[in-house]
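One structure below.
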Amino acid sequence: QVELAESGGGLVQAGGSLRLSCAASGRTVGSYVMGWFRQAPGKEREFVAGITWSGGSTRYADSVKGRFTIARDNAKNTVYLQMNILKPEDTAVYYCAADFSRSAVVVTTTLHYEYWGVGTQVTVSS
């Protein structure tokens with residue numbers, strides 16, 4: 001079993017920045033892809049960003065390209081999401097997720113991620 005714990009959410013004004021962290025614990029042996037997803041009220045959970053085990057490949061949703069950056073520190077079993085130039089439409093609960101079936105390809109569908117955190121709220125005021 002793998003446990004994921006997000007942190008770093010909060011309330012920020014439009015144009016501001018936040019950095020989310022996600023720490024993995026438990027049976028983290030092996031290589032795995034990490035992803036960030038978000039879910040706004042009344043909407044489906046959507047892919048935000050993902051990173052391969054080596055960190056050499058990343059993938060972003062079009063809506064966050066150029067504003068968000070995903071990174072990971074495998075020694076700490078932690079993945080980060082740096083969010084800049086935040087907009088009110090970025091308001092959502094942000095979840096990190098782990099895909100242990102892949103290490104070198106980021107997929108964007110929720111079904112491929114076996115483990116999920118409980119989420120952290122990000123609210124961007126206008």
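Naming works like this for the structure tokens: A, B, ... for the chains as they're shown, residue 1 at the start of each chain, ligands 1 onward in shown order.
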Residue neighbourhood Gly55 in chain A, 12 Å, only C-alpha atoms, exclusion window fewer than 5 positions, as a list of chain:residue names: A:Ser31, A:Tyr32, A:Val33, A:Met34, A:Gly35, A:Gly50, A:Thr69, A:Ile70, A:Ala71, A:Arg72, A:Asp73, A:Asn74, A:Thr78, A:Val79, A:Tyr80, A:Ser103, A:Ala104, A:Val105, A:Val106
Grab the residues selected above and save them as a compact mmCIF listing (two decimals), in the first residue's frame with N, CA and C atoms.
# COMPACT_ATOMS: atom_id res chain seq x y z
N SER A 31 9.81 2.09 -9.67
CA SER A 31 9.72 3.34 -10.42
C SER A 31 8.27 3.64 -10.77
N TYR A 32 7.88 4.88 -10.68
CA TYR A 32 6.48 5.21 -10.93
C TYR A 32 6.33 6.64 -11.41
N VAL A 33 5.30 6.84 -12.17
CA VAL A 33 4.93 8.17 -12.64
C VAL A 33 4.08 8.84 -11.57
N MET A 34 4.26 10.14 -11.43
CA MET A 34 3.44 10.92 -10.50
C MET A 34 2.67 11.97 -11.29
N GLY A 35 1.45 12.20 -10.84
CA GLY A 35 0.61 13.19 -11.51
C GLY A 35 -0.12 14.07 -10.52
N GLY A 50 2.02 15.87 -15.07
CA GLY A 50 2.59 14.58 -14.72
C GLY A 50 4.08 14.56 -15.00
N THR A 69 4.68 24.26 -12.97
CA THR A 69 5.85 23.41 -13.18
C THR A 69 5.82 22.26 -12.20
N ILE A 70 5.96 21.06 -12.73
CA ILE A 70 6.02 19.86 -11.87
C ILE A 70 7.46 19.41 -11.75
N ALA A 71 7.82 18.94 -10.57
CA ALA A 71 9.17 18.45 -10.32
C ALA A 71 9.09 17.36 -9.25
N ARG A 72 10.14 16.57 -9.14
CA ARG A 72 10.13 15.52 -8.13
C ARG A 72 11.52 15.33 -7.54
N ASP A 73 11.54 14.84 -6.32
CA ASP A 73 12.78 14.49 -5.62
C ASP A 73 12.61 13.05 -5.17
N ASN A 74 13.18 12.12 -5.89
CA ASN A 74 12.97 10.70 -5.58
C ASN A 74 13.62 10.29 -4.27
N THR A 78 8.98 12.68 -3.04
CA THR A 78 8.12 13.86 -3.04
C THR A 78 8.02 14.45 -4.44
N VAL A 79 6.82 14.88 -4.79
CA VAL A 79 6.59 15.58 -6.05
C VAL A 79 6.02 16.96 -5.71
N TYR A 80 6.37 17.93 -6.53
CA TYR A 80 5.98 19.30 -6.29
C TYR A 80 5.21 19.85 -7.49
N SER A 103 6.71 3.96 -15.72
CA SER A 103 7.75 4.80 -15.16
C SER A 103 8.22 5.86 -16.15
N ALA A 104 7.95 5.64 -17.44
CA ALA A 104 8.52 6.51 -18.46
C ALA A 104 7.48 7.18 -19.36
N VAL A 105 6.22 6.97 -19.09
CA VAL A 105 5.17 7.58 -19.91
C VAL A 105 4.11 8.17 -18.99
N VAL A 106 3.79 9.42 -19.20
CA VAL A 106 2.74 10.07 -18.41
C VAL A 106 1.41 9.93 -19.13
Surrounding residues of range 110-122 of chain A excluding itself and chain neighbours under 5 positions, 10 Å, only C-alpha atoms, as a PyMOL selection string: chain A and resi 1-12+18+20-24+32-40+45-47+86+88+90-102
Expected answer as a ChimeraX atom specification: strand (DSSP E or B) residues in range 8-96 of chain A: /A:10-13,18-26,33-39,46-51,58-60,68-73,78-83,92-96
Straight-line distance linking CA of Thr28 in chain A with CA of Thr109 in chain A, stated in Å to one decimal: 21.2 Å
Which residue of A:Ser17, A:Lys43, A:Glu89, A:Arg27 approaches Phe68 in chain A most closely, using only C-alpha atoms: A:Ser17
Tell me, which residues of chain A carry DSSP helix (DSSP H, G or I), written as a compact mmCIF listing (two decimals) with N, CA, C and O atoms, in the first residue's frame?
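See result-v4.txt below for the written result:
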# COMPACT_ATOMS: atom_id res chain seq x y z
N ASN A 74 13.18 12.12 -5.89
CA ASN A 74 12.97 10.70 -5.58
C ASN A 74 13.62 10.29 -4.27
O ASN A 74 13.16 9.36 -3.61
N ALA A 75 14.66 10.97 -3.87
CA ALA A 75 15.29 10.67 -2.59
C ALA A 75 14.34 10.96 -1.43
O ALA A 75 14.43 10.34 -0.37
N LYS A 76 13.44 11.90 -1.64
CA LYS A 76 12.47 12.27 -0.62
C LYS A 76 11.08 11.71 -0.91
O LYS A 76 10.13 11.99 -0.17
N PRO A 88 -8.56 32.72 -11.08
CA PRO A 88 -9.73 32.20 -10.35
C PRO A 88 -10.18 30.83 -10.85
O PRO A 88 -10.64 30.00 -10.04
N GLU A 89 -10.02 30.58 -12.12
CA GLU A 89 -10.44 29.28 -12.67
C GLU A 89 -9.52 28.14 -12.26
O GLU A 89 -9.82 26.97 -12.55
N ASP A 90 -8.43 28.43 -11.58
CA ASP A 90 -7.57 27.38 -11.03
C ASP A 90 -8.10 26.88 -9.68
O ASP A 90 -7.57 25.92 -9.13
N THR A 110 -7.52 9.35 -15.17
CA THR A 110 -7.51 8.99 -13.76
C THR A 110 -7.45 7.48 -13.54
O THR A 110 -6.87 7.02 -12.56
N LEU A 111 -8.02 6.71 -14.47
CA LEU A 111 -8.10 5.26 -14.29
C LEU A 111 -6.75 4.59 -14.19
O LEU A 111 -6.62 3.50 -13.63
N HIS A 112 -5.71 5.23 -14.75
CA HIS A 112 -4.39 4.61 -14.77
C HIS A 112 -3.59 4.85 -13.49
O HIS A 112 -2.52 4.29 -13.33
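CA of Thr52 in chain A is positioned 18.9 Å from CA of Met83 in chain A.
The coordinates place CA of Tyr60 in chain A at 24.8 Å from CA of Ser25 in chain A.
Between Asn84 in chain A and the residues A:Ala61, A:Val124, A:Ile51, A:Val29, the shortest atom-to-atom distance, using only C-alpha atoms, involves A:Val124.
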